[in-house]
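final.cif follows (mmCIF, N, CA and C atoms):
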data_input
loop_
_atom_site.label_atom_id
_atom_site.label_comp_id
_atom_site.auth_asym_id
_atom_site.auth_seq_id
_atom_site.Cartn_x
_atom_site.Cartn_y
_atom_site.Cartn_z
N MET A 1 0.82 -1.19 0.00
CA MET A 1 0.00 0.00 0.00
C MET A 1 0.86 1.26 0.00
N LYS A 2 1.94 1.27 0.81
CA LYS A 2 2.83 2.42 0.90
C LYS A 2 3.49 2.66 -0.46
N GLY A 3 3.86 1.60 -1.15
CA GLY A 3 4.48 1.72 -2.47
C GLY A 3 3.53 2.33 -3.48
N ASN A 4 2.23 1.96 -3.43
CA ASN A 4 1.23 2.51 -4.34
C ASN A 4 1.02 4.01 -4.08
N LEU A 5 1.01 4.41 -2.80
CA LEU A 5 0.84 5.82 -2.45
C LEU A 5 2.03 6.64 -2.94
N THR A 6 3.22 6.09 -2.77
CA THR A 6 4.43 6.78 -3.23
C THR A 6 4.40 6.92 -4.74
N LEU A 7 3.99 5.86 -5.44
CA LEU A 7 3.90 5.90 -6.89
C LEU A 7 2.87 6.94 -7.35
N LEU A 8 1.73 7.03 -6.66
CA LEU A 8 0.68 7.98 -6.99
C LEU A 8 1.20 9.41 -6.81
N VAL A 9 1.85 9.69 -5.68
CA VAL A 9 2.38 11.02 -5.42
C VAL A 9 3.44 11.38 -6.45
N LEU A 10 4.31 10.44 -6.76
CA LEU A 10 5.34 10.68 -7.75
C LEU A 10 4.72 10.96 -9.13
N SER A 11 3.69 10.21 -9.49
CA SER A 11 3.00 10.43 -10.77
C SER A 11 2.38 11.82 -10.83
N ILE A 12 1.77 12.26 -9.74
CA ILE A 12 1.16 13.59 -9.70
C ILE A 12 2.22 14.67 -9.84
N LEU A 13 3.34 14.51 -9.15
CA LEU A 13 4.42 15.50 -9.24
C LEU A 13 4.99 15.58 -10.65
N VAL A 14 5.21 14.44 -11.29
CA VAL A 14 5.74 14.42 -12.65
C VAL A 14 4.73 15.05 -13.60
N SER A 15 3.46 14.71 -13.46
CA SER A 15 2.42 15.28 -14.33
C SER A 15 2.34 16.78 -14.17
N THR A 16 2.40 17.26 -12.94
CA THR A 16 2.36 18.69 -12.67
C THR A 16 3.57 19.38 -13.27
N SER A 17 4.73 18.78 -13.14
CA SER A 17 5.95 19.37 -13.70
C SER A 17 5.87 19.46 -15.21
N ILE A 18 5.40 18.42 -15.84
CA ILE A 18 5.29 18.41 -17.29
C ILE A 18 4.28 19.46 -17.74
N PHE A 19 3.14 19.56 -17.05
CA PHE A 19 2.11 20.53 -17.42
C PHE A 19 2.65 21.95 -17.28
N SER A 20 3.33 22.23 -16.18
CA SER A 20 3.83 23.60 -15.98
C SER A 20 4.93 23.94 -16.97
N CYS A 21 5.69 22.99 -17.43
CA CYS A 21 6.73 23.25 -18.42
C CYS A 21 6.16 23.47 -19.81
N THR A 22 5.02 22.86 -20.10
CA THR A 22 4.45 22.98 -21.43
C THR A 22 3.35 24.04 -21.50
N GLU A 23 2.98 24.61 -20.36
CA GLU A 23 1.94 25.63 -20.35
C GLU A 23 2.44 26.85 -21.12
N LYS A 24 1.66 27.30 -22.09
CA LYS A 24 2.07 28.41 -22.92
C LYS A 24 1.53 29.70 -22.35
N LYS A 25 2.40 30.70 -22.29
CA LYS A 25 1.98 32.03 -21.87
C LYS A 25 1.68 32.82 -23.13
N GLU A 26 0.63 33.62 -23.05
CA GLU A 26 0.24 34.42 -24.19
C GLU A 26 1.25 35.54 -24.38
N THR A 27 1.75 35.67 -25.59
CA THR A 27 2.70 36.72 -25.92
C THR A 27 1.92 37.99 -26.22
N PRO A 28 2.30 39.11 -25.55
CA PRO A 28 1.58 40.34 -25.83
C PRO A 28 1.79 40.80 -27.27
N LYS A 29 0.75 41.36 -27.85
CA LYS A 29 0.82 41.86 -29.22
C LYS A 29 1.61 43.15 -29.23
N GLU A 30 2.54 43.27 -30.17
CA GLU A 30 3.31 44.50 -30.29
C GLU A 30 2.44 45.55 -30.99
N ALA A 31 2.49 46.77 -30.47
CA ALA A 31 1.73 47.86 -31.06
C ALA A 31 2.39 48.31 -32.35
N THR A 32 1.57 48.71 -33.30
CA THR A 32 2.10 49.24 -34.55
C THR A 32 2.49 50.71 -34.34
N ALA A 33 3.26 51.24 -35.27
CA ALA A 33 3.65 52.65 -35.19
C ALA A 33 2.41 53.54 -35.20
N GLU A 34 1.41 53.18 -35.97
CA GLU A 34 0.18 53.99 -36.03
C GLU A 34 -0.56 53.93 -34.69
N GLU A 35 -0.63 52.75 -34.08
CA GLU A 35 -1.29 52.64 -32.78
C GLU A 35 -0.57 53.48 -31.72
N LEU A 36 0.75 53.46 -31.75
CA LEU A 36 1.53 54.28 -30.81
C LEU A 36 1.33 55.77 -31.08
N SER A 37 1.28 56.13 -32.35
CA SER A 37 1.03 57.53 -32.70
C SER A 37 -0.34 57.98 -32.24
N GLN A 38 -1.34 57.11 -32.38
CA GLN A 38 -2.70 57.44 -31.94
C GLN A 38 -2.73 57.61 -30.42
N MET A 39 -2.01 56.75 -29.72
CA MET A 39 -1.94 56.88 -28.26
C MET A 39 -1.31 58.22 -27.89
N ASN A 40 -0.27 58.63 -28.61
CA ASN A 40 0.34 59.93 -28.36
C ASN A 40 -0.65 61.06 -28.61
N ARG A 41 -1.43 60.97 -29.68
CA ARG A 41 -2.42 62.01 -29.98
C ARG A 41 -3.48 62.06 -28.88
N ASP A 42 -3.93 60.89 -28.41
CA ASP A 42 -4.91 60.84 -27.31
C ASP A 42 -4.35 61.46 -26.04
N PHE A 43 -3.08 61.18 -25.77
CA PHE A 43 -2.41 61.71 -24.58
C PHE A 43 -2.34 63.24 -24.64
N VAL A 44 -1.90 63.78 -25.78
CA VAL A 44 -1.79 65.24 -25.95
C VAL A 44 -3.17 65.89 -25.84
N LYS A 45 -4.16 65.26 -26.45
CA LYS A 45 -5.52 65.79 -26.38
C LYS A 45 -5.98 65.87 -24.93
N ALA A 46 -5.68 64.84 -24.15
CA ALA A 46 -6.06 64.83 -22.73
C ALA A 46 -5.35 65.94 -21.96
N LEU A 47 -4.06 66.09 -22.17
CA LEU A 47 -3.31 67.15 -21.47
C LEU A 47 -3.83 68.54 -21.85
N ASN A 48 -4.04 68.77 -23.12
CA ASN A 48 -4.52 70.09 -23.56
C ASN A 48 -5.94 70.37 -23.08
N ALA A 49 -6.71 69.32 -22.81
CA ALA A 49 -8.05 69.47 -22.24
C ALA A 49 -7.98 69.56 -20.71
N LYS A 50 -6.76 69.50 -20.18
CA LYS A 50 -6.52 69.53 -18.73
C LYS A 50 -7.23 68.38 -18.02
N ASP A 51 -7.18 67.20 -18.65
CA ASP A 51 -7.83 65.99 -18.13
C ASP A 51 -6.74 65.00 -17.69
N ALA A 52 -6.33 65.11 -16.43
CA ALA A 52 -5.26 64.25 -15.91
C ALA A 52 -5.68 62.79 -15.86
N VAL A 53 -6.97 62.52 -15.66
CA VAL A 53 -7.45 61.13 -15.62
C VAL A 53 -7.26 60.49 -16.99
N ALA A 54 -7.69 61.17 -18.04
CA ALA A 54 -7.54 60.62 -19.40
C ALA A 54 -6.07 60.49 -19.77
N ALA A 55 -5.25 61.45 -19.36
CA ALA A 55 -3.81 61.37 -19.64
C ALA A 55 -3.22 60.15 -18.94
N ALA A 56 -3.56 59.96 -17.68
CA ALA A 56 -3.03 58.82 -16.91
C ALA A 56 -3.52 57.50 -17.47
N ASN A 57 -4.71 57.48 -18.05
CA ASN A 57 -5.24 56.24 -18.63
C ASN A 57 -4.49 55.82 -19.89
N CYS A 58 -3.61 56.65 -20.39
CA CYS A 58 -2.75 56.26 -21.51
C CYS A 58 -1.59 55.39 -21.04
N TYR A 59 -1.44 55.25 -19.72
CA TYR A 59 -0.38 54.44 -19.13
C TYR A 59 -0.95 53.14 -18.58
N THR A 60 -0.15 52.09 -18.49
CA THR A 60 -0.57 50.86 -17.83
C THR A 60 -0.56 51.08 -16.32
N GLU A 61 -1.23 50.19 -15.59
CA GLU A 61 -1.29 50.29 -14.13
C GLU A 61 0.09 50.31 -13.49
N ASP A 62 1.04 49.59 -14.06
CA ASP A 62 2.36 49.47 -13.46
C ASP A 62 3.43 50.29 -14.19
N ALA A 63 2.99 51.30 -14.94
CA ALA A 63 3.93 52.13 -15.70
C ALA A 63 4.80 52.97 -14.78
N THR A 64 5.92 53.43 -15.34
CA THR A 64 6.79 54.37 -14.64
C THR A 64 7.01 55.55 -15.57
N LEU A 65 6.68 56.74 -15.09
CA LEU A 65 6.91 57.98 -15.82
C LEU A 65 8.29 58.49 -15.43
N LEU A 66 9.09 58.89 -16.40
CA LEU A 66 10.45 59.37 -16.13
C LEU A 66 10.55 60.85 -16.52
N PRO A 67 10.04 61.74 -15.65
CA PRO A 67 10.12 63.16 -15.99
C PRO A 67 11.57 63.65 -15.90
N PRO A 68 11.95 64.60 -16.75
CA PRO A 68 13.33 65.08 -16.74
C PRO A 68 13.66 65.79 -15.41
N ASN A 69 14.81 65.49 -14.89
CA ASN A 69 15.34 66.11 -13.67
C ASN A 69 14.45 65.90 -12.45
N GLU A 70 13.66 64.84 -12.44
CA GLU A 70 12.79 64.52 -11.31
C GLU A 70 12.87 63.02 -11.05
N ALA A 71 12.39 62.63 -9.87
CA ALA A 71 12.35 61.20 -9.52
C ALA A 71 11.31 60.48 -10.38
N PRO A 72 11.53 59.19 -10.65
CA PRO A 72 10.52 58.41 -11.38
C PRO A 72 9.19 58.41 -10.64
N VAL A 73 8.11 58.38 -11.41
CA VAL A 73 6.75 58.34 -10.86
C VAL A 73 6.18 56.98 -11.23
N LYS A 74 5.89 56.16 -10.21
CA LYS A 74 5.48 54.77 -10.46
C LYS A 74 3.99 54.57 -10.22
N GLY A 75 3.35 53.89 -11.17
CA GLY A 75 1.95 53.51 -11.05
C GLY A 75 1.01 54.57 -11.62
N ARG A 76 -0.08 54.11 -12.21
CA ARG A 76 -1.02 55.00 -12.88
C ARG A 76 -1.60 56.06 -11.93
N ALA A 77 -1.93 55.67 -10.69
CA ALA A 77 -2.51 56.63 -9.75
C ALA A 77 -1.52 57.77 -9.45
N ASN A 78 -0.26 57.44 -9.27
CA ASN A 78 0.75 58.48 -9.02
C ASN A 78 1.03 59.31 -10.27
N ILE A 79 0.96 58.68 -11.42
CA ILE A 79 1.14 59.41 -12.68
C ILE A 79 0.00 60.41 -12.85
N GLN A 80 -1.20 60.01 -12.50
CA GLN A 80 -2.33 60.93 -12.57
C GLN A 80 -2.09 62.13 -11.66
N LYS A 81 -1.61 61.89 -10.44
CA LYS A 81 -1.31 63.00 -9.52
C LYS A 81 -0.22 63.91 -10.10
N TYR A 82 0.76 63.30 -10.73
CA TYR A 82 1.83 64.09 -11.36
C TYR A 82 1.24 65.03 -12.41
N TRP A 83 0.39 64.50 -13.30
CA TRP A 83 -0.19 65.32 -14.35
C TRP A 83 -1.16 66.35 -13.78
N GLU A 84 -1.87 66.01 -12.70
CA GLU A 84 -2.74 66.99 -12.04
C GLU A 84 -1.91 68.18 -11.57
N GLY A 85 -0.74 67.89 -10.98
CA GLY A 85 0.15 68.96 -10.53
C GLY A 85 0.69 69.79 -11.67
N ALA A 86 1.07 69.13 -12.75
CA ALA A 86 1.60 69.85 -13.91
C ALA A 86 0.52 70.74 -14.53
N ILE A 87 -0.70 70.24 -14.61
CA ILE A 87 -1.81 71.02 -15.16
C ILE A 87 -2.11 72.20 -14.25
N ALA A 88 -2.14 71.96 -12.94
CA ALA A 88 -2.41 73.04 -11.98
C ALA A 88 -1.32 74.11 -12.03
N ALA A 89 -0.10 73.72 -12.39
CA ALA A 89 1.01 74.67 -12.47
C ALA A 89 0.94 75.52 -13.74
N GLY A 90 -0.05 75.24 -14.59
CA GLY A 90 -0.25 76.06 -15.77
C GLY A 90 0.37 75.53 -17.04
N ALA A 91 0.87 74.32 -16.98
CA ALA A 91 1.48 73.74 -18.18
C ALA A 91 0.38 73.44 -19.19
N PHE A 92 0.68 73.61 -20.40
CA PHE A 92 0.09 72.89 -21.49
C PHE A 92 -0.48 73.62 -22.65
N ASP A 93 0.22 73.42 -23.64
CA ASP A 93 -0.15 73.51 -25.03
C ASP A 93 0.78 72.46 -25.63
N ALA A 94 0.50 71.22 -25.27
CA ALA A 94 1.40 70.11 -25.58
C ALA A 94 1.33 69.73 -27.05
N GLU A 95 2.45 69.28 -27.54
CA GLU A 95 2.57 68.71 -28.88
C GLU A 95 3.46 67.49 -28.79
N VAL A 96 3.15 66.47 -29.58
CA VAL A 96 3.99 65.27 -29.64
C VAL A 96 4.11 64.86 -31.09
N ALA A 97 5.31 64.49 -31.47
CA ALA A 97 5.54 63.95 -32.82
C ALA A 97 6.26 62.62 -32.67
N THR A 98 5.69 61.58 -33.23
CA THR A 98 6.33 60.27 -33.22
C THR A 98 7.32 60.25 -34.38
N THR A 99 8.60 60.15 -34.05
CA THR A 99 9.62 60.15 -35.10
C THR A 99 10.20 58.77 -35.34
N GLU A 100 10.12 57.91 -34.32
CA GLU A 100 10.67 56.56 -34.44
C GLU A 100 9.99 55.70 -33.38
N THR A 101 9.76 54.45 -33.70
CA THR A 101 9.21 53.53 -32.71
C THR A 101 10.04 52.27 -32.67
N GLY A 102 9.97 51.58 -31.54
CA GLY A 102 10.66 50.31 -31.39
C GLY A 102 10.28 49.71 -30.06
N SER A 103 10.60 48.45 -29.85
CA SER A 103 10.30 47.82 -28.58
C SER A 103 11.34 46.77 -28.27
N ASN A 104 11.42 46.46 -26.98
CA ASN A 104 12.30 45.41 -26.50
C ASN A 104 11.62 44.80 -25.30
N GLY A 105 10.92 43.69 -25.50
CA GLY A 105 10.16 43.10 -24.41
C GLY A 105 9.01 44.00 -24.03
N ASP A 106 8.97 44.42 -22.76
CA ASP A 106 7.89 45.28 -22.28
C ASP A 106 8.18 46.76 -22.47
N LEU A 107 9.34 47.11 -23.00
CA LEU A 107 9.72 48.50 -23.15
C LEU A 107 9.38 48.98 -24.56
N VAL A 108 8.87 50.21 -24.65
CA VAL A 108 8.55 50.81 -25.93
C VAL A 108 9.34 52.10 -26.04
N ARG A 109 9.90 52.34 -27.21
CA ARG A 109 10.63 53.57 -27.46
C ARG A 109 9.83 54.37 -28.49
N LEU A 110 9.52 55.61 -28.14
CA LEU A 110 8.80 56.48 -29.07
C LEU A 110 9.67 57.65 -29.45
#
Using structure tokens, write down the structure that the file contains.
Amino acid sequence: MKGNLTLLVLSILVSTSIFSCTEKKETPKEATAEELSQMNRDFVKALNAKDAVAAANCYTEDATLLPPNEAPVKGRANIQKYWEGAIAAGAFDAEVATTETGSNGDLVRL
């Protein structure tokens, strides 16, 4: 009986290992240059409308904003606060031009 239980446990462990090794993760779709350009246009439109919520929604939940000469701003909620502050400070007649696009894993270069 003990041998059968050991064999059963071993079989379950091997099956689980094989399943986890063969489980496929969905590869995220890469955005096209046009899709990235449209996102930029939506972002600028939001900033010029002084809509920090819409501007922040152009970022993923776990995004990091890298403002020049400032500390990184992590997470969509904090990015929204950042843009609220920038808008309140009187910023904006924003313009964006996509000149080049590329990606490397989860990173996008615009």
Picked from region 26-93 of chain A by DSSP as strand (DSSP E or B), as a PyMOL selection string: chain A and resi 64-65+73-74
Exercise: region 34-47 of chain A partners within 6.5 Å, only N, CA and C atoms, chain neighbours under 2 positions left out, as an NGL selection string: :A and (31-32 or 49-52 or 54-55 or 58 or 92 or 94-96 or 98)
Between atom C of Asn48 (chain A) and atom C of Trp83 (chain A) - distance in Å to one decimal: 11.2 Å
Residues selected by the PyMOL selection byres ((chain A and resi 64) around 7), written as JSON, numbers by chain: {"A": [60, 61, 62, 63, 65, 66, 67, 72, 73, 74, 75, 76]}
Atom-to-atom span, CA of Tyr59 (chain A) and atom C of Gln80 (chain A), Å: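 Between CA of Tyr59 (chain A) and atom C of Gln80 (chain A) the gap is 10.9 Å.
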Atomic distance atom C of Ile87 (chain A) - atom C of Thr99 (chain A), expressed in Å with one decimal: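 Distance between the two atoms: 27.9 Å.
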Region 38-105 of chain A: residues DSSP assigns to helix (DSSP H, G or I), reported as a VMD selection string: chain A and resid 38 to 48 52 to 56 76 to 88
May I have the centre and edge lengths, in Å to one decimal, of an axis-aligned box around the listed atoms of region 67-84 of chain A with 8 Å added to every side, as JSON?
{"center_x": 6.3, "center_y": 60.8, "center_z": -12.9, "size_x": 34.1, "size_y": 30.7, "size_z": 23.7}
